[in-house]
$ cat my_file-v4.txt   # compact mmCIF, C-alpha atoms
# COMPACT_ATOMS: atom_id res chain seq x y z
CA MET A 23 -12.06 -23.59 3.18
CA SER A 24 -13.22 -21.07 0.55
CA SER A 25 -16.89 -21.19 -0.39
CA GLU A 26 -16.07 -20.31 -3.99
CA PRO A 27 -16.62 -23.04 -6.59
CA LEU A 28 -13.83 -25.32 -7.79
CA VAL A 29 -13.34 -24.59 -11.50
CA LEU A 30 -11.73 -27.06 -13.87
CA GLY A 31 -10.21 -25.27 -16.89
CA ILE A 32 -9.33 -26.91 -20.22
CA GLU A 33 -7.21 -25.27 -22.95
CA THR A 34 -6.60 -26.83 -26.40
CA SER A 35 -6.49 -23.89 -28.83
CA CYS A 36 -3.16 -24.77 -30.46
CA ASP A 37 -0.40 -27.25 -29.59
CA GLU A 38 -0.61 -27.38 -25.80
CA THR A 39 -3.13 -29.38 -23.80
CA GLY A 40 -3.67 -27.54 -20.53
CA VAL A 41 -5.82 -28.55 -17.56
CA ALA A 42 -5.98 -26.72 -14.24
CA LEU A 43 -8.08 -26.31 -11.11
CA VAL A 44 -8.77 -22.88 -9.63
CA ARG A 45 -10.79 -21.83 -6.62
CA GLY A 46 -11.48 -18.12 -6.55
CA ARG A 47 -8.14 -16.53 -7.40
CA GLU A 48 -6.03 -19.45 -6.19
CA LEU A 49 -4.41 -21.91 -8.56
CA LEU A 50 -4.59 -25.31 -6.87
CA GLY A 51 -2.97 -27.46 -9.51
CA GLN A 52 -2.27 -27.71 -13.22
CA ALA A 53 -0.70 -29.84 -15.92
CA VAL A 54 0.35 -29.07 -19.49
CA ALA A 55 1.23 -31.46 -22.32
CA SER A 56 2.92 -29.97 -25.40
CA SER A 57 3.04 -31.51 -28.85
CA VAL A 58 5.74 -29.08 -30.03
CA GLU A 59 8.26 -31.86 -30.67
CA GLU A 60 5.81 -33.54 -33.04
CA HIS A 61 5.58 -30.33 -35.07
CA ALA A 62 9.30 -29.53 -35.08
CA ARG A 63 10.09 -31.64 -38.14
CA PHE A 64 7.47 -29.68 -40.11
CA GLY A 65 8.80 -26.29 -38.98
CA GLY A 66 5.44 -25.21 -37.57
CA VAL A 67 2.18 -26.36 -36.05
CA VAL A 68 0.24 -28.86 -38.18
CA PRO A 69 -3.45 -28.62 -37.21
CA GLU A 70 -4.27 -32.30 -37.71
CA VAL A 71 -1.23 -33.39 -35.71
CA ALA A 72 -2.20 -30.96 -32.93
CA SER A 73 -5.77 -32.29 -32.82
CA ARG A 74 -4.65 -35.91 -32.51
CA ALA A 75 -2.11 -34.97 -29.85
CA HIS A 76 -4.86 -33.32 -27.79
CA LEU A 77 -6.95 -36.47 -28.02
CA GLU A 78 -4.07 -38.58 -26.74
CA ALA A 79 -3.06 -36.14 -24.01
CA MET A 80 -6.45 -35.13 -22.62
CA LEU A 81 -7.04 -37.87 -20.04
CA PRO A 82 -3.42 -38.16 -18.81
CA THR A 83 -3.22 -34.37 -18.45
CA LEU A 84 -6.54 -34.27 -16.59
CA ARG A 85 -5.31 -36.93 -14.17
CA ARG A 86 -2.03 -35.07 -13.57
CA ALA A 87 -3.84 -31.80 -12.88
CA LEU A 88 -6.19 -33.46 -10.40
CA ASP A 89 -3.25 -35.14 -8.66
CA ASP A 90 -1.35 -31.83 -8.54
CA ALA A 91 -4.38 -30.17 -6.90
CA GLY A 92 -5.02 -33.09 -4.58
CA ALA A 93 -8.60 -33.19 -5.81
CA GLY A 94 -11.00 -35.69 -7.33
CA LEU A 95 -13.41 -35.20 -10.20
CA PRO A 96 -16.51 -35.32 -7.93
CA GLU A 97 -15.23 -32.16 -6.20
CA VAL A 98 -15.39 -30.10 -9.42
CA ASP A 99 -18.21 -27.53 -9.38
CA VAL A 100 -17.73 -25.94 -12.81
CA VAL A 101 -16.06 -26.93 -16.08
CA ALA A 102 -14.56 -24.21 -18.28
CA VAL A 103 -13.00 -24.51 -21.72
CA THR A 104 -11.48 -22.35 -24.42
CA ALA A 105 -14.18 -21.94 -27.09
CA GLY A 106 -11.98 -19.82 -29.38
CA PRO A 107 -10.06 -18.41 -31.08
CA GLY A 108 -7.66 -21.11 -32.23
CA LEU A 109 -7.31 -24.09 -34.54
CA ALA A 110 -10.74 -25.54 -35.30
CA GLY A 111 -9.90 -29.19 -34.75
CA ALA A 112 -7.88 -28.52 -31.63
CA LEU A 113 -10.67 -26.43 -30.11
CA MET A 114 -13.20 -29.16 -30.86
CA VAL A 115 -11.23 -31.69 -28.82
CA GLY A 116 -11.25 -29.44 -25.76
CA VAL A 117 -14.88 -28.43 -26.13
CA ALA A 118 -15.97 -32.06 -26.56
CA ALA A 119 -14.01 -33.14 -23.48
CA ALA A 120 -15.44 -30.26 -21.43
CA LYS A 121 -19.00 -31.11 -22.50
CA ALA A 122 -18.51 -34.75 -21.55
CA LEU A 123 -17.17 -33.82 -18.12
CA ALA A 124 -19.90 -31.25 -17.47
CA LEU A 125 -22.58 -33.74 -18.46
CA ALA A 126 -21.10 -36.60 -16.42
CA LEU A 127 -20.58 -34.43 -13.34
CA ASP A 128 -23.88 -32.54 -13.81
CA VAL A 129 -22.15 -29.17 -13.41
CA PRO A 130 -22.32 -25.90 -15.40
CA LEU A 131 -20.17 -25.46 -18.52
CA TYR A 132 -18.51 -22.15 -19.44
CA GLY A 133 -16.88 -21.48 -22.80
CA VAL A 134 -14.39 -18.61 -22.57
CA ASN A 135 -12.19 -16.58 -24.88
CA HIS A 136 -8.57 -17.65 -25.26
CA LEU A 137 -7.28 -14.09 -25.66
CA ASP A 138 -9.18 -12.70 -22.70
CA ALA A 139 -8.02 -15.67 -20.64
CA HIS A 140 -4.41 -14.59 -21.16
CA VAL A 141 -5.43 -11.30 -19.50
CA ALA A 142 -7.28 -13.04 -16.67
CA VAL A 143 -4.20 -15.04 -15.64
CA ALA A 144 -3.10 -11.83 -13.88
CA LEU A 145 -5.91 -12.45 -11.39
CA LEU A 146 -3.98 -15.48 -10.12
CA THR A 147 -0.70 -13.64 -9.67
CA GLY A 148 -1.68 -10.16 -8.50
CA GLY A 149 -5.28 -10.20 -7.34
CA PRO A 150 -8.09 -7.95 -8.65
CA LEU A 151 -7.29 -5.83 -11.70
CA PRO A 152 -7.32 -2.03 -11.49
CA ASP A 153 -9.84 -0.26 -13.71
CA PRO A 154 -8.77 0.39 -16.37
CA ALA A 155 -5.71 -1.70 -17.22
CA LEU A 156 -3.86 -2.25 -20.47
CA ALA A 157 -2.92 -5.74 -21.64
CA LEU A 158 -0.18 -6.51 -24.14
CA LEU A 159 -0.83 -9.96 -25.55
CA VAL A 160 2.02 -11.41 -27.62
CA SER A 161 2.08 -14.97 -28.91
CA GLY A 162 2.62 -17.06 -32.01
CA GLY A 163 -0.78 -16.18 -33.39
CA HIS A 164 -1.67 -12.88 -31.72
CA THR A 165 -0.18 -9.48 -30.99
CA GLU A 166 -2.74 -7.14 -29.50
CA LEU A 167 -3.16 -4.22 -27.16
CA LEU A 168 -6.32 -4.62 -25.08
CA LEU A 169 -8.04 -2.08 -22.85
CA VAL A 170 -9.36 -4.02 -19.85
CA ARG A 171 -12.16 -2.65 -17.69
CA ASP A 172 -14.27 -3.97 -14.83
CA GLY A 173 -11.88 -6.74 -13.81
CA ALA A 174 -11.71 -8.39 -17.27
CA ARG A 175 -15.48 -8.13 -17.78
CA ASP A 176 -15.02 -5.54 -20.55
CA VAL A 177 -12.15 -6.01 -23.02
CA THR A 178 -11.66 -3.71 -26.02
CA VAL A 179 -9.09 -4.21 -28.79
CA LEU A 180 -7.08 -1.00 -29.20
CA GLY A 181 -4.63 -2.38 -31.73
CA GLN A 182 -3.40 -5.58 -33.30
CA THR A 183 -0.92 -6.91 -35.81
CA LEU A 184 -1.70 -6.17 -39.44
CA ASP A 185 0.32 -9.16 -40.65
CA ASP A 186 2.68 -11.49 -38.75
CA ALA A 187 2.25 -11.87 -35.02
CA ALA A 188 5.40 -11.34 -32.95
CA GLY A 189 5.80 -15.04 -32.16
CA GLU A 190 5.28 -15.94 -35.81
CA ALA A 191 8.04 -13.49 -36.76
CA PHE A 192 10.37 -15.12 -34.21
CA ASP A 193 9.75 -18.53 -35.79
CA LYS A 194 10.29 -17.27 -39.35
CA VAL A 195 13.46 -15.36 -38.52
CA ALA A 196 14.83 -18.33 -36.58
CA ARG A 197 14.30 -20.46 -39.69
CA LEU A 198 16.19 -17.86 -41.79
CA LEU A 199 19.09 -18.14 -39.35
CA GLY A 200 19.09 -21.93 -39.41
CA LEU A 201 17.74 -22.28 -35.86
CA PRO A 202 15.33 -25.08 -34.85
CA TYR A 203 11.59 -24.81 -34.27
CA PRO A 204 10.10 -23.40 -32.11
CA GLY A 205 12.13 -20.35 -32.97
CA GLY A 206 11.51 -18.12 -29.95
CA PRO A 207 13.59 -19.92 -27.30
CA HIS A 208 16.41 -20.77 -29.73
CA LEU A 209 16.59 -17.22 -31.07
CA GLN A 210 16.69 -15.80 -27.54
CA ARG A 211 19.58 -18.10 -26.64
CA ALA A 212 21.46 -17.08 -29.78
CA ALA A 213 20.84 -13.40 -29.02
CA GLU A 214 22.44 -13.70 -25.58
CA GLY A 215 25.87 -13.71 -27.20
CA GLY A 216 25.09 -11.00 -29.75
CA ASP A 217 25.21 -7.23 -30.14
CA ALA A 218 21.70 -5.77 -30.27
CA GLY A 219 23.05 -2.68 -32.03
CA ALA A 220 24.93 -4.54 -34.73
CA VAL A 221 22.16 -4.18 -37.32
CA ARG A 222 19.57 -1.41 -37.27
CA PHE A 223 16.47 -3.28 -38.34
CA PRO A 224 13.22 -1.33 -38.99
CA ARG A 225 10.61 -0.62 -36.33
CA GLY A 226 7.25 -1.31 -38.02
CA LEU A 227 4.48 1.31 -37.90
CA THR A 228 6.48 3.76 -35.80
CA ALA A 229 7.06 6.51 -38.39
CA ALA A 230 5.00 9.66 -37.83
CA HIS A 231 2.62 9.02 -40.74
CA ASP A 232 2.09 5.41 -39.60
CA LEU A 233 1.40 6.45 -36.02
CA ARG A 234 -1.34 8.80 -37.19
CA ARG A 235 -3.14 5.93 -38.97
CA HIS A 236 -2.13 3.00 -36.76
CA PRO A 237 -1.16 4.35 -33.31
CA HIS A 238 -1.72 1.01 -31.53
CA ASP A 239 -1.26 -1.50 -34.37
CA PHE A 240 1.78 -3.65 -35.10
CA SER A 241 3.52 -4.99 -38.19
CA PHE A 242 6.41 -7.46 -38.22
CA SER A 243 6.34 -8.62 -41.84
CA GLY A 244 8.69 -5.85 -42.95
CA LEU A 245 11.10 -6.68 -40.15
CA LYS A 246 11.15 -10.33 -41.19
CA THR A 247 11.85 -9.25 -44.79
CA ALA A 248 14.66 -6.95 -43.65
CA VAL A 249 16.34 -9.84 -41.85
CA ALA A 250 16.00 -12.03 -44.95
CA ARG A 251 17.60 -9.33 -47.14
CA HIS A 252 20.42 -8.85 -44.68
CA VAL A 253 21.16 -12.58 -44.62
CA GLN A 254 21.04 -12.77 -48.42
CA ALA A 255 23.34 -9.76 -48.81
CA VAL A 256 25.95 -11.22 -46.45
CA GLU A 257 25.84 -14.60 -48.16
CA ARG A 258 26.07 -13.08 -51.67
CA ALA A 259 29.16 -11.19 -50.56
CA GLY A 260 30.70 -14.48 -49.48
CA GLY A 261 30.54 -13.64 -45.80
CA GLU A 262 29.28 -15.58 -42.82
CA VAL A 263 26.11 -14.42 -41.13
CA ALA A 264 26.74 -13.36 -37.53
CA VAL A 265 23.77 -15.25 -36.13
CA PRO A 266 24.06 -13.92 -32.54
CA ASP A 267 24.21 -10.30 -33.73
CA VAL A 268 21.31 -10.69 -36.16
CA ALA A 269 19.22 -12.51 -33.53
CA ALA A 270 19.92 -9.84 -30.91
CA SER A 271 19.19 -7.00 -33.34
CA PHE A 272 15.94 -8.58 -34.47
CA GLN A 273 14.86 -9.26 -30.89
CA GLU A 274 15.66 -5.67 -29.93
CA SER A 275 13.47 -4.33 -32.73
CA VAL A 276 10.50 -6.43 -31.59
CA ALA A 277 10.96 -5.52 -27.92
CA ASP A 278 11.40 -1.84 -28.77
CA VAL A 279 8.17 -1.62 -30.75
CA LEU A 280 6.10 -3.65 -28.29
CA SER A 281 7.22 -1.68 -25.26
CA ALA A 282 7.10 1.78 -26.88
CA LYS A 283 3.58 1.34 -28.24
CA THR A 284 2.35 -0.11 -24.96
CA VAL A 285 3.61 2.82 -22.88
CA ALA A 286 2.23 5.31 -25.40
CA ALA A 287 -1.20 3.67 -25.19
CA THR A 288 -1.24 3.96 -21.39
CA ARG A 289 -0.79 7.72 -21.67
CA GLU A 290 -3.59 8.06 -24.18
CA HIS A 291 -6.08 6.05 -22.13
CA GLY A 292 -5.12 7.11 -18.61
CA VAL A 293 -3.90 3.67 -17.59
CA THR A 294 -1.42 3.04 -14.77
CA THR A 295 -1.21 -0.77 -14.87
CA VAL A 296 0.11 -2.94 -17.72
CA LEU A 297 -0.52 -6.68 -18.03
CA LEU A 298 1.78 -8.83 -20.14
CA GLY A 299 0.60 -12.18 -21.48
CA GLY A 300 1.15 -14.78 -24.19
CA GLY A 301 4.03 -17.05 -25.14
CA VAL A 302 6.35 -14.22 -26.23
CA ALA A 303 5.98 -12.78 -22.72
CA ALA A 304 8.53 -15.44 -21.78
CA ASN A 305 11.17 -13.66 -23.88
CA SER A 306 13.69 -12.09 -21.50
CA ARG A 307 14.37 -8.98 -23.62
CA VAL A 308 10.67 -8.22 -24.11
CA ARG A 309 10.16 -8.54 -20.36
CA SER A 310 13.21 -6.48 -19.39
CA LEU A 311 12.67 -3.58 -21.82
CA LEU A 312 8.96 -3.37 -20.98
CA THR A 313 9.85 -3.42 -17.28
CA GLN A 314 12.41 -0.66 -17.77
CA ARG A 315 10.03 1.59 -19.70
CA CYS A 316 7.11 0.99 -17.36
CA GLU A 317 9.28 1.91 -14.36
CA ALA A 318 10.45 5.08 -16.12
CA ALA A 319 6.82 6.03 -16.83
CA GLY A 320 5.65 5.24 -13.29
CA LEU A 321 3.52 2.29 -14.41
CA GLU A 322 2.81 -0.95 -12.58
CA LEU A 323 3.69 -3.98 -14.70
CA ARG A 324 2.25 -7.41 -14.00
CA VAL A 325 4.17 -10.21 -15.66
CA PRO A 326 3.04 -13.80 -15.10
CA PRO A 327 5.59 -16.51 -14.31
CA VAL A 328 6.89 -18.25 -17.41
CA SER A 329 4.75 -21.31 -16.63
CA LEU A 330 1.63 -19.17 -17.11
CA CYS A 331 2.80 -17.29 -20.21
CA THR A 332 2.22 -20.11 -22.67
CA ASP A 333 -1.24 -21.61 -23.19
CA ASN A 334 -2.53 -23.28 -20.03
CA GLY A 335 -5.71 -24.36 -18.28
CA ALA A 336 -5.13 -22.01 -15.35
CA MET A 337 -5.94 -18.91 -17.38
CA VAL A 338 -9.16 -20.53 -18.64
CA ALA A 339 -10.26 -21.45 -15.13
CA ALA A 340 -9.30 -17.99 -13.83
CA LEU A 341 -11.43 -16.23 -16.42
CA ALA A 342 -14.37 -18.57 -15.83
CA ALA A 343 -14.09 -17.95 -12.08
CA GLN A 344 -14.34 -14.21 -12.77
CA VAL A 345 -17.35 -14.74 -15.04
CA LEU A 346 -19.00 -16.77 -12.28
CA ARG A 347 -18.22 -14.06 -9.74
CA ASP A 348 -19.95 -11.55 -12.01
CA GLY A 349 -23.06 -13.70 -12.38
CA GLY A 350 -22.43 -14.82 -15.95
CA VAL A 351 -24.80 -17.48 -17.26
CA PRO A 352 -23.42 -20.89 -18.31
CA SER A 353 -22.77 -21.70 -21.97
CA GLY A 354 -24.82 -24.89 -22.11
CA LEU A 355 -24.11 -28.17 -23.83
CA ASP A 356 -24.78 -26.69 -27.27
CA LEU A 357 -21.50 -24.75 -26.99
CA GLY A 358 -19.51 -24.85 -30.21
CA ALA A 359 -15.90 -24.14 -31.07
CA ASP A 360 -15.36 -20.74 -32.73
CA PRO A 361 -11.91 -20.43 -34.37
CA GLY A 362 -12.51 -16.73 -35.06
CA LEU A 363 -13.92 -15.67 -31.69
CA PRO A 364 -12.81 -12.04 -31.28
CA ALA A 365 -11.15 -10.62 -28.19
CA GLY A 366 -13.72 -8.95 -25.99
CA THR A 367 -16.20 -11.81 -26.25
CA VAL A 368 -15.18 -12.82 -22.74
CA HIS A 369 -17.42 -15.86 -22.59
CA VAL A 370 -20.04 -17.53 -24.76
CA PRO A 371 -23.45 -17.67 -22.98
CA ALA A 372 -26.11 -20.22 -23.82
CA ALA A 373 -28.22 -19.46 -26.87
CA ARG A 374 -31.56 -17.95 -25.93
$ encode --input "my_file-v4.txt" --output "structure tokens"
Amino acid sequence: MSSEPLVLGIETSCDETGVALVRGRELLGQAVASSVEEHARFGGVVPEVASRAHLEAMLPTLRRALDDAGAGLPEVDVVAVTAGPGLAGALMVGVAAAKALALALDVPLYGVNHLDAHVAVALLTGGPLPDPALALLVSGGHTELLLVRDGARDVTVLGQTLDDAAGEAFDKVARLLGLPYPGGPHLQRAAEGGDAGAVRFPRGLTAAHDLRRHPHDFSFSGLKTAVARHVQAVERAGGEVAVPDVAASFQESVADVLSAKTVAATREHGVTTVLLGGGVAANSRVRSLLTQRCEAAGLELRVPPVSLCTDNGAMVAALAAQVLRDGGVPSGLDLGADPGLPAGTVHVPAAR
């Protein structure tokens, strides 16, 4: 049996309650409870609803994760939790639960960064990270390019969205097309029967003058507006919106920009390995076009399984295990939730 500590990871930054157990770089068991159906009637995540859902789901999800790992609470050596960024109330539920467990078990507590944890999940699927690596993080709240050094110990933000995140744009465009929430999966299914070249939607921040000012940044607000104008124009003319074609064309624009900017950033920073993470990493077109372009550029691409793309406790435990391996000090029971914790603050050490 490995001598490395058994790490219990808790994730509650948004609408998914995730708990997992990791030893070293091995995922032993996990469970996730989503409150997405409770938010569907509102067309988006309601923070108060999410917080209450976490409260209700925490203990059942913890029990399922322990059962999946075949472990008991007394075996846990370390408790890790997402300290930020995320929804304030949701984060507080996870942090409070983690503190209670750490205190009851008399084990160290580590608060880690949600964004950096999405990068660290690659440690569970492909082993140690090359130095440097480039991470493309795409989710409902974040779209960022991160330069990762020293096995996730050093994370630098190269670029980020200036307005809507990619996942947020998926949800908004899905709503324009009359598709249910959450928009990403429904829009992808609609796009499967469409022509991605039917409508030439804009590629944000890819013009020469934009690339000079924002080489690694993203913008999807203009794309969302272009879809809205297209839908309005068709409807004013008395026509019927070709939902599959519009969905496929929109999806192609997002995948094109994400993959092109990622490959360009690898050239600039001498990177040969790309990590893909976040909920939008589950989108088949984003995955396939990024795979195609990475192969053409001679780059290694690490894509987590779909079960590890969305928010989960495994990524939290994986990052904490890396912090432990590097000798990082615990956070302490005065750990607080930080909704604005920036990427690169890998973990939150105890106040001195």
$ residues_around --input "my_file-v4.txt" --residues "range 363-365 of chain A" --least-positions-apart "3" --cutoff "10 Å" --atoms "only C-alpha atoms" --output "PyMOL selection string"
chain A and resi 105-108+134-139+166+168+176-179+359-360+368-370
$ atom_distance --input "my_file-v4.txt" --atom1 "CA of Asp37 in chain A" --atom2 "CA of Ala339 in chain A"
18.4 Å
$ residues_near_point --input "my_file-v4.txt" --point "(-6.5, -29.1, -14.0)" --cutoff "10 Å" --atoms "all atoms listed in the file" --output "ChimeraX atom specification"
/A:29-33,40-44,49-54,83-91,93,95,334-336,339
$ closest_atom_pairs --input "my_file-v4.txt" --of "range 138-171 of chain A" --to "range 307-327 of chain A" --cutoff "10 Å" --atoms "only C-alpha atoms" --output "Markdown table"
| residue | atom | partner | partner_atom | distance |
| --- | --- | --- | --- | --- |
| A:His140 | CA | A:Pro326 | CA | 9.6 |
| A:Val141 | CA | A:Pro326 | CA | 9.9 |
| A:Val143 | CA | A:Pro326 | CA | 7.4 |
| A:Ala144 | CA | A:Pro326 | CA | 6.6 |
| A:Leu145 | CA | A:Pro326 | CA | 9.8 |
| A:Leu146 | CA | A:Pro326 | CA | 8.8 |
| A:Thr147 | CA | A:Pro326 | CA | 6.6 |
| A:Gly148 | CA | A:Arg324 | CA | 7.3 |
| A:Leu151 | CA | A:Arg324 | CA | 9.9 |
| A:Ala155 | CA | A:Glu322 | CA | 9.7 |
| A:Leu156 | CA | A:Leu323 | CA | 9.7 |
| A:Ala157 | CA | A:Arg324 | CA | 9.4 |
| A:Val160 | CA | A:Val308 | CA | 9.9 |
$ axis_aligned_box --input "my_file-v4.txt" --around "range 360-370 of chain A" --padding-each-side "8 Å" --output "JSON"
{"center_x": -15.6, "center_y": -14.8, "center_z": -28.8, "size_x": 24.9, "size_y": 27.8, "size_z": 28.5}
$ closest_residue --input "my_file-v4.txt" --among "A:Leu131, A:Ala174, A:Leu81, A:Val345" --to "Val103 in chain A" --atoms "only C-alpha atoms"
A:Leu131
$ closest_residue --input "my_file-v4.txt" --among "A:Leu28, A:Leu77, A:Val328, A:Val100" --to "Val351 in chain A" --atoms "all atoms listed in the file"
A:Val100
$ atom_distance --input "my_file-v4.txt" --atom1 "CA of Gly244 in chain A" --atom2 "CA of Phe64 in chain A"
24.0 Å
$ closest_residue --input "my_file-v4.txt" --among "A:Ala187, A:Ala264, A:Val101, A:Gly300" --to "Ala119 in chain A" --atoms "only C-alpha atoms"
A:Val101
